[in-house]
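Visitor: Here it is, the structure, as structure tokens.
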Amino acid sequence: MKKSSVFLIGLAMLMVIQGQVYAASFIDYFTATPVIESLSSSCWGAAEVGPRDQSNGLEDKTMSKYCYWDGGIIKGEDGRYHMFASRWNQSAGHNGWFGSVAVHATSTNLYGPYTDQGLCWPNDQGGKGHNVVPLQLKDGRYAIVVSETRRPADIFVSNSLDGPWSKLGSMSIASNSYSSLFSASNVYIMLRPDGRYAAIGRDAVIGISDNILGPYTIQGTNIYAKTQGCPTVNMEDPVIWYSGGEYHIVVNKWDTRKAYHLTSKDGISNWKLQSGYAFDPTSNFIRYTNGTANHWNKLERPNVYMENGHVVAMTLAAIDVAKDKELGNDKHGSKVIVIPFNGAGLDKIDTEPISAFTQIEAERFSDQSGVQSESCNEGGEDIGYIENGDYTVYNNVDFGTDAAGFQARVASSTSGGNIEIRLDSLTGTLIGTCPVTATGDWQTWTDAKCSISGVTGKHNLYLKFTGGSGYLFNFNWFKFTKKDVVTVLAGDLNGDKSVDATDYVLMKKYIVGLISDFPVEDDLKAGDLNSDGEINSLDFAMLKKIILGDI
């Protein structure tokens, strides 16, 4: 095996289809947009987009001055929402973005309307700025990153969201074997939970730095090329954030106008492409609370607004016609829209209990070490490249009270190995060990089974893989099985699945003391016909009536 580079209703995050657990797509978590101002069918863009709310987001309502683009939001301590975006003179058409400036806009409502407060740094190159990304630094200050028209990327800082803003400097890249891969186009920077900064751009390489200016150490090659099933060309405008115990990227493919959602546990490697689209302007994901849907020609420059660790809204730059058709002074243009998003629902993958008795896809782990996802000839994906000591974690698995067995779908071209089944930590209670034997090929599948014991209730499930050197086996899915339920037919005292004269004789012998039990496994269930907790003459009388057909 060659190791290659590797309108949801309600709040439910997981869908169960034919007994398997699947995650909903990112686009399913967008929710209905509140109507702030009556929807207009006569405003600019309505003929193409549909009746729309001009008070949502940031726009020039008359399309007589500015086109707006980008758009990231930070909530201030005073409760106001501060949006940082770019704008240019609409008379220049869409290509006026080459002369765009960075602007600050405010609103008392997350969804708008936002009022343009003017240039962020009017005395620095006339306010020049595009690909505008705001963030808060680990020292409490605020920063704005601008790229594309200012290379590699310039960073401005302020102690207040209202400014003034001063240039801190330009980002730098540490020299290594990957540094030449960073082109500084569409730069997005986030502050990671570990206190480091992560940068990503159009070229899909990730840089890590202890400081906002850098130097950023590029961590490897294009992550899309190493992600199974992910497109690799014409990808732009990536946004990266952390929520629900993992890192997320949403990236737009400009030629098809579709966006994709990727996740990673460490924000650097082992990125996984999630199913479906992140957003798609041809779908109805932009819809108002009255059911009206909008369809912009293009949606670009995604950014996320978060509260309490979850995404609650996404901003998008929206244009009503194709870019080459937006020529200026034509009542076409662009704006920033704000769409509600159920990020808490997206992040419930680790908090919603999962039944242990449902088939769980191996690649839907909450955490892992050493494994990689790959295509599976049985459909979907499996995890492979498993070596001794690697493991996967599945959070909040509900075992109920009667878990008795474990079943795993596995394949191995070597001698296999073992799956240690542990609770709540890598060294936690061992409830079973499932041996995996050779199947002859990495995609020749069989079911490995073992008994388990000593588990009830909800636990974080750790599957630790052990064995010899090299790769051990591939792993497609698993599930737990329940204890066998013995069905007892009332009156069937000899266990032959019928109630007849033989059972009558056995009951008579029991009543007069000639025998002390019945051949059937559960005497009481079979013989206590009136359910009073004992076997006596009343049950004998009822058995006679059953045999005679009186009851």
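Convention: chains lettered A, B, ... in structure tokens order; per-chain residue numbering from 1; ligands numbered from 1 as shown.
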Apply DSSP to the backbone of this structure and, from range 199-426 of chain A, keep only the residues in helix (DSSP H, G or I); write these as a compact mmCIF listing (two decimals) with N, CA and C atoms, in the first residue's frame.

Guide:
```txt
# COMPACT_ATOMS: atom_id res chain seq x y z
N LYS A 323 -18.72 39.25 -13.05
CA LYS A 323 -17.79 40.35 -12.83
C LYS A 323 -17.51 41.14 -14.11
N ASP A 324 -17.39 40.43 -15.24
CA ASP A 324 -17.07 41.14 -16.48
C ASP A 324 -18.28 41.85 -17.08
N LYS A 325 -19.44 41.67 -16.46
CA LYS A 325 -20.65 42.38 -16.90
C LYS A 325 -20.95 43.59 -16.02
N GLY A 343 -23.74 27.57 14.06
CA GLY A 343 -22.43 26.97 14.34
C GLY A 343 -22.45 26.01 15.50
N ALA A 344 -23.34 26.25 16.48
CA ALA A 344 -23.45 25.31 17.60
C ALA A 344 -23.91 23.96 17.10
N GLY A 345 -24.79 23.96 16.11
CA GLY A 345 -25.23 22.70 15.51
C GLY A 345 -24.11 22.01 14.76
N LEU A 346 -23.34 22.79 13.99
CA LEU A 346 -22.19 22.24 13.27
C LEU A 346 -21.21 21.58 14.23
N ASP A 347 -21.01 22.20 15.39
CA ASP A 347 -19.99 21.73 16.33
C ASP A 347 -20.49 20.63 17.25
N LYS A 348 -21.75 20.20 17.10
CA LYS A 348 -22.29 19.18 17.99
C LYS A 348 -21.79 17.78 17.67
N ILE A 349 -20.91 17.65 16.71
CA ILE A 349 -20.40 16.32 16.37
C ILE A 349 -19.76 15.64 17.57
N ASP A 350 -19.26 16.44 18.52
CA ASP A 350 -18.61 15.85 19.69
C ASP A 350 -19.49 15.90 20.94
```

Visitor: Give me, as a ChimeraX atom specification, all polymer residues having an atom no more than 12 Å from Ile515 in chain A, counting only C-alpha atoms and skipping those fewer than 6 positions away in the same chain.

Guide: /A:505-509,523

Visitor: Next, the residues of the selection above should be written as a CSV table (one decimal), in the first residue's frame with C-alpha atoms.

Guide:
```csv
chain,number,residue,atom,x,y,z
A,505,VAL,CA,-47.5,-33.0,32.1
A,506,LEU,CA,-44.4,-31.1,33.1
A,507,MET,CA,-46.5,-28.5,34.9
A,508,LYS,CA,-48.5,-31.2,36.8
A,509,LYS,CA,-45.2,-32.8,37.9
A,523,ASP,CA,-38.6,-21.3,34.3
```

Visitor: Go through A:Val371, A:Ile286, A:Ala318, A:Cys120 one by one, measure the shortest atom-to-atom distance of each to Asp28 in chain A using only C-alpha atoms, and give the residue with the smallest value.

Guide: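 Residue with the minimum atom-to-atom distance to Asp28 in chain A: A:Ile286.
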
Visitor: If DSSP is run on the backbone, what residues of range 333-507 of chain A are strand (DSSP E)? A reply as a compact mmCIF listing (two decimals) with N, CA and C atoms, in the first residue's frame would be ideal.

Guide:
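What follows is the written file part32.txt:
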```txt
# COMPACT_ATOMS: atom_id res chain seq x y z
N SER A 334 -21.76 45.41 -6.11
CA SER A 334 -21.49 44.41 -5.08
C SER A 334 -21.70 45.03 -3.70
N LYS A 335 -21.91 44.15 -2.72
CA LYS A 335 -22.13 44.54 -1.33
C LYS A 335 -21.64 43.42 -0.42
N VAL A 336 -21.69 43.65 0.88
CA VAL A 336 -21.38 42.61 1.86
C VAL A 336 -22.68 42.18 2.52
N ILE A 337 -22.97 40.89 2.49
CA ILE A 337 -24.16 40.36 3.13
C ILE A 337 -23.78 39.60 4.38
N VAL A 338 -24.73 39.50 5.33
CA VAL A 338 -24.52 38.80 6.60
C VAL A 338 -25.62 37.76 6.74
N ILE A 339 -25.24 36.49 6.86
CA ILE A 339 -26.20 35.39 6.87
C ILE A 339 -26.09 34.63 8.20
N PRO A 340 -27.20 34.40 8.90
CA PRO A 340 -27.15 33.64 10.16
C PRO A 340 -26.68 32.20 9.92
N ILE A 354 -23.96 9.47 20.46
CA ILE A 354 -24.07 8.56 19.31
C ILE A 354 -24.32 7.16 19.86
N SER A 355 -25.34 6.52 19.36
CA SER A 355 -25.63 5.16 19.82
C SER A 355 -24.50 4.22 19.44
N ILE A 360 -20.92 3.12 12.85
CA ILE A 360 -20.19 4.38 12.93
C ILE A 360 -19.01 4.32 11.95
N GLU A 361 -18.93 5.29 11.06
CA GLU A 361 -17.84 5.32 10.10
C GLU A 361 -16.52 5.62 10.82
N ASP A 367 -11.02 12.63 17.37
CA ASP A 367 -9.59 12.89 17.46
C ASP A 367 -8.88 11.65 16.96
N GLN A 368 -7.58 11.80 16.64
CA GLN A 368 -6.84 10.65 16.14
C GLN A 368 -5.36 10.92 16.24
N SER A 369 -4.60 9.88 16.12
CA SER A 369 -3.16 10.01 16.02
C SER A 369 -2.65 8.98 15.02
N GLN A 372 -4.87 8.07 8.52
CA GLN A 372 -5.28 8.95 7.43
C GLN A 372 -6.52 8.35 6.77
N SER A 373 -7.37 9.22 6.24
CA SER A 373 -8.54 8.76 5.51
C SER A 373 -8.18 8.51 4.05
N GLU A 374 -8.89 7.58 3.43
CA GLU A 374 -8.65 7.25 2.02
C GLU A 374 -9.94 6.73 1.42
N SER A 375 -10.00 6.65 0.09
CA SER A 375 -11.18 6.12 -0.59
C SER A 375 -11.32 4.63 -0.30
N GLU A 381 -15.28 6.38 2.57
CA GLU A 381 -13.88 6.34 2.96
C GLU A 381 -13.64 5.33 4.07
N ASP A 382 -12.40 4.92 4.20
CA ASP A 382 -11.95 4.18 5.37
C ASP A 382 -10.75 4.91 5.94
N ILE A 383 -10.21 4.43 7.05
CA ILE A 383 -8.95 4.97 7.54
C ILE A 383 -7.87 3.91 7.36
N GLY A 384 -6.71 4.38 6.99
CA GLY A 384 -5.60 3.47 6.74
C GLY A 384 -4.30 4.01 7.29
N TYR A 391 -4.21 5.63 17.16
CA TYR A 391 -5.53 5.50 17.79
C TYR A 391 -6.53 6.48 17.18
N THR A 392 -7.83 6.21 17.41
CA THR A 392 -8.91 7.12 17.07
C THR A 392 -9.81 7.28 18.29
N VAL A 393 -10.51 8.42 18.36
CA VAL A 393 -11.39 8.72 19.49
C VAL A 393 -12.76 9.10 18.95
N TYR A 394 -13.81 8.60 19.59
CA TYR A 394 -15.19 8.90 19.22
C TYR A 394 -15.90 9.37 20.50
N ASN A 395 -16.23 10.64 20.55
CA ASN A 395 -16.75 11.22 21.78
C ASN A 395 -18.23 10.92 21.99
N ASN A 396 -18.61 10.77 23.26
CA ASN A 396 -20.00 10.68 23.69
C ASN A 396 -20.75 9.53 23.03
N VAL A 397 -20.21 8.36 23.14
CA VAL A 397 -20.86 7.15 22.63
C VAL A 397 -21.72 6.56 23.74
N ASP A 398 -22.99 6.29 23.43
CA ASP A 398 -23.94 5.80 24.42
C ASP A 398 -24.06 4.28 24.29
N ALA A 403 -24.55 -3.64 26.19
CA ALA A 403 -23.53 -3.87 25.17
C ALA A 403 -22.74 -5.13 25.50
N ALA A 404 -22.58 -6.00 24.51
CA ALA A 404 -21.91 -7.28 24.77
C ALA A 404 -20.85 -7.63 23.74
N GLY A 405 -20.89 -7.00 22.56
CA GLY A 405 -19.94 -7.37 21.51
C GLY A 405 -19.51 -6.18 20.68
N PHE A 406 -18.43 -6.36 19.93
CA PHE A 406 -17.85 -5.33 19.07
C PHE A 406 -17.62 -5.95 17.70
N GLN A 407 -17.96 -5.21 16.65
CA GLN A 407 -17.78 -5.68 15.28
C GLN A 407 -17.12 -4.58 14.47
N ALA A 408 -16.06 -4.91 13.75
CA ALA A 408 -15.32 -3.93 12.96
C ALA A 408 -15.15 -4.44 11.54
N ARG A 409 -15.29 -3.55 10.58
CA ARG A 409 -15.07 -3.88 9.17
C ARG A 409 -13.63 -3.54 8.84
N VAL A 410 -12.82 -4.55 8.53
CA VAL A 410 -11.38 -4.36 8.42
C VAL A 410 -10.83 -5.08 7.19
N ALA A 411 -9.63 -4.67 6.80
CA ALA A 411 -8.90 -5.32 5.70
C ALA A 411 -7.42 -5.19 5.97
N GLY A 417 -3.41 -7.11 13.22
CA GLY A 417 -3.06 -6.58 14.53
C GLY A 417 -4.24 -6.70 15.46
N ASN A 418 -4.39 -5.75 16.35
CA ASN A 418 -5.48 -5.77 17.31
C ASN A 418 -6.08 -4.38 17.48
N ILE A 419 -7.35 -4.37 17.89
CA ILE A 419 -8.01 -3.12 18.27
C ILE A 419 -8.33 -3.21 19.76
N GLU A 420 -7.63 -2.40 20.54
CA GLU A 420 -7.95 -2.31 21.97
C GLU A 420 -9.10 -1.32 22.15
N ILE A 421 -10.15 -1.75 22.86
CA ILE A 421 -11.35 -0.94 23.05
C ILE A 421 -11.33 -0.39 24.46
N ARG A 422 -11.09 0.92 24.59
CA ARG A 422 -10.90 1.54 25.90
C ARG A 422 -11.88 2.68 26.12
N LEU A 423 -12.10 3.01 27.39
CA LEU A 423 -13.06 4.05 27.77
C LEU A 423 -12.35 5.28 28.32
N LEU A 430 -10.05 -1.13 29.78
CA LEU A 430 -10.05 -1.98 28.59
C LEU A 430 -11.27 -2.89 28.67
N ILE A 431 -12.23 -2.71 27.76
CA ILE A 431 -13.45 -3.52 27.79
C ILE A 431 -13.43 -4.65 26.78
N GLY A 432 -12.39 -4.69 25.95
CA GLY A 432 -12.28 -5.78 24.99
C GLY A 432 -11.12 -5.55 24.04
N THR A 433 -10.63 -6.63 23.44
CA THR A 433 -9.59 -6.56 22.41
C THR A 433 -10.04 -7.38 21.22
N CYS A 434 -10.08 -6.72 20.06
CA CYS A 434 -10.57 -7.38 18.85
C CYS A 434 -9.40 -7.71 17.92
N PRO A 435 -9.15 -9.00 17.67
CA PRO A 435 -8.05 -9.38 16.77
C PRO A 435 -8.44 -9.16 15.31
N VAL A 436 -7.48 -8.66 14.54
CA VAL A 436 -7.66 -8.45 13.10
C VAL A 436 -6.65 -9.32 12.38
N THR A 446 -13.49 -7.81 5.70
CA THR A 446 -14.14 -8.84 6.50
C THR A 446 -14.58 -8.22 7.82
N ASP A 447 -15.42 -8.95 8.55
CA ASP A 447 -15.87 -8.47 9.85
C ASP A 447 -15.05 -9.14 10.96
N ALA A 448 -14.39 -8.32 11.76
CA ALA A 448 -13.69 -8.82 12.95
C ALA A 448 -14.59 -8.60 14.16
N LYS A 449 -14.69 -9.61 15.03
CA LYS A 449 -15.61 -9.52 16.16
C LYS A 449 -14.95 -9.95 17.45
N CYS A 450 -15.44 -9.41 18.55
CA CYS A 450 -15.00 -9.85 19.87
C CYS A 450 -16.06 -9.51 20.89
N SER A 451 -15.96 -10.14 22.05
CA SER A 451 -16.85 -9.83 23.16
C SER A 451 -16.30 -8.66 23.94
N LYS A 458 -22.68 6.56 28.86
CA LYS A 458 -21.99 7.34 27.82
C LYS A 458 -20.51 7.48 28.15
N HIS A 459 -19.69 7.30 27.14
CA HIS A 459 -18.24 7.40 27.31
C HIS A 459 -17.61 7.94 26.03
N ASN A 460 -16.42 8.51 26.17
CA ASN A 460 -15.57 8.76 25.02
C ASN A 460 -14.85 7.45 24.70
N LEU A 461 -14.99 6.99 23.49
CA LEU A 461 -14.46 5.69 23.08
C LEU A 461 -13.10 5.85 22.43
N TYR A 462 -12.10 5.15 22.95
CA TYR A 462 -10.76 5.15 22.38
C TYR A 462 -10.49 3.79 21.75
N LEU A 463 -10.16 3.78 20.48
CA LEU A 463 -9.76 2.55 19.79
C LEU A 463 -8.26 2.65 19.52
N LYS A 464 -7.49 1.83 20.22
CA LYS A 464 -6.04 1.84 20.09
C LYS A 464 -5.61 0.65 19.25
N PHE A 465 -4.77 0.91 18.28
CA PHE A 465 -4.35 -0.12 17.33
C PHE A 465 -2.95 -0.63 17.70
N THR A 466 -2.83 -1.93 17.83
CA THR A 466 -1.55 -2.52 18.24
C THR A 466 -1.16 -3.64 17.29
N ASN A 474 -6.53 -1.72 7.46
CA ASN A 474 -7.44 -0.62 7.19
C ASN A 474 -8.74 -0.84 7.96
N PHE A 475 -9.47 0.24 8.20
CA PHE A 475 -10.61 0.20 9.11
C PHE A 475 -11.73 1.03 8.49
N ASN A 476 -12.88 0.40 8.18
CA ASN A 476 -13.97 1.07 7.47
C ASN A 476 -15.05 1.59 8.42
N TRP A 477 -15.59 0.70 9.27
CA TRP A 477 -16.63 1.10 10.22
C TRP A 477 -16.66 0.13 11.39
N PHE A 478 -17.44 0.50 12.41
CA PHE A 478 -17.59 -0.41 13.54
C PHE A 478 -18.96 -0.18 14.17
N LYS A 479 -19.37 -1.15 14.98
CA LYS A 479 -20.58 -1.01 15.79
C LYS A 479 -20.49 -1.99 16.95
N PHE A 480 -21.28 -1.74 17.96
CA PHE A 480 -21.37 -2.65 19.09
C PHE A 480 -22.67 -3.44 19.00
N THR A 481 -22.66 -4.61 19.57
CA THR A 481 -23.85 -5.47 19.54
C THR A 481 -24.35 -5.69 20.96
N LYS A 482 -25.63 -6.01 21.06
CA LYS A 482 -26.27 -6.19 22.35
C LYS A 482 -26.28 -7.66 22.76
```

Visitor: Give me the residues near Leu538 in chain A as a list of chain:residue names, where near means some atom within 12 Å (using only C-alpha atoms) and where sequence neighbours in that chain fewer than 4 positions away do not count.

Guide: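 Counting only the stated atoms, we get A:Met507, A:Lys508, A:Ile511, A:Gly527, A:Asp528, A:Leu529, A:Asn530, A:Ser531, A:Asp532, A:Gly533, A:Glu534, A:Met542, A:Leu543, A:Lys544, A:Lys545.
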
Visitor: Excluding Asn270 in chain A and its own-chain neighbours fewer than 5 positions away, which residues fall within 12 Å of it when counting only C-alpha atoms? Please give them as JSON, numbers by chain.

Guide: {"A": [4, 5, 6, 220, 222, 223, 224, 225, 226, 227, 228, 246, 247, 248, 262, 263, 264, 265, 363, 367, 368, 369, 370, 371, 372, 373, 374, 383]}

Visitor: Work out how far CA of Thr62 in chain A is from CA of Val312 in chain A, in Å to one decimal.

Guide: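 According to the coordinates, CA of Val312 in chain A and CA of Thr62 in chain A are separated by 29.0 Å.
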
Visitor: When you draw a straight line from CA of Met235 in chain A to CA of Asn252 in chain A, how long is it in Å?

Guide: 5.7 Å

Visitor: Calculate how many Å separate CA of Gln125 in chain A from CA of Ile319 in chain A, rounding to one decimal.

Guide: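 Separation of CA of Gln125 in chain A and CA of Ile319 in chain A: 26.7 Å.
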
Visitor: Write out as a list in words each polymer residue whose atoms come within 10 Å of Leu493 in chain A, counting only C-alpha atoms; drop sequence neighbours fewer than 6 positions from it.

Guide: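 Non-adjacent residues within range: Val499, Asp500, Thr502, Asp503, Tyr504, Val505, Leu506, Met507, Asp517, Phe518, Pro519, Val520, Glu521, Asp522, Asp523, Leu524, Lys525, Ala526 and Gly527 of chain A.
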
Visitor: Taking only C-alpha atoms into account, name the residue in A:Leu137, A:Ala143, A:Ala92, A:Val239 that is nearest to Pro193 in chain A.

Guide: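 Of A:Leu137, A:Ala143, A:Ala92, A:Val239, the one nearest Pro193 in chain A is A:Leu137, counting only C-alpha atoms.
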
Visitor: Compile the contact shell of range 198-215 of chain A as a list in words: residues with an atom at most 6 Å away, counting only C-alpha atoms, same-chain residues fewer than 6 positions apart removed.

Guide: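 Selected residues are Met171, Ser172, Ile173, Ala174, Ser185, Asn186, Val187, Tyr188, Ile189, Met190, Thr221, Asn222, Ile223 and Glu236 of chain A.
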
Visitor: I need the residues from that last selection saved to file as a compact mmCIF listing (two decimals), in the first residue's frame (with N, CA and C atoms), if you can.

Guide:
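Just written: again-v1.txt:
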```txt
# COMPACT_ATOMS: atom_id res chain seq x y z
N MET A 171 3.93 41.32 6.81
CA MET A 171 4.21 39.95 7.26
C MET A 171 5.45 39.42 6.57
N SER A 172 6.17 38.55 7.26
CA SER A 172 7.38 37.94 6.70
C SER A 172 7.28 36.43 6.76
N ILE A 173 8.02 35.78 5.88
CA ILE A 173 8.01 34.32 5.76
C ILE A 173 9.40 33.79 6.05
N ALA A 174 9.48 32.81 6.96
CA ALA A 174 10.77 32.20 7.28
C ALA A 174 11.25 31.36 6.10
N SER A 185 -1.30 36.00 -1.66
CA SER A 185 -2.56 36.41 -2.29
C SER A 185 -3.71 35.87 -1.45
N ASN A 186 -4.77 36.69 -1.24
CA ASN A 186 -5.93 36.28 -0.43
C ASN A 186 -5.51 35.85 0.97
N VAL A 187 -4.65 36.60 1.61
CA VAL A 187 -4.11 36.20 2.91
C VAL A 187 -5.18 36.31 3.99
N TYR A 188 -5.31 35.24 4.79
CA TYR A 188 -6.18 35.24 5.97
C TYR A 188 -5.33 34.80 7.15
N ILE A 189 -5.44 35.53 8.27
CA ILE A 189 -4.68 35.19 9.48
C ILE A 189 -5.65 35.03 10.64
N MET A 190 -5.45 33.97 11.43
CA MET A 190 -6.25 33.73 12.63
C MET A 190 -5.33 33.55 13.82
N THR A 221 3.25 21.57 1.69
CA THR A 221 2.74 21.92 0.37
C THR A 221 1.23 22.15 0.41
N ASN A 222 0.66 22.41 -0.75
CA ASN A 222 -0.77 22.71 -0.93
C ASN A 222 -1.64 21.68 -0.22
N ILE A 223 -2.44 22.12 0.76
CA ILE A 223 -3.24 21.17 1.54
C ILE A 223 -4.38 20.57 0.72
N GLU A 236 -9.82 29.90 -4.10
CA GLU A 236 -9.40 31.20 -3.57
C GLU A 236 -10.19 31.55 -2.30
```

Visitor: Kindly indicate which residue among A:Tyr216, A:Trp97, A:Tyr288, A:Trp44 lies nearest to Lys61 in chain A, using only C-alpha atoms for the distances.

Guide: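 Answer, going by the shortest atom-to-atom distance: A:Trp44.
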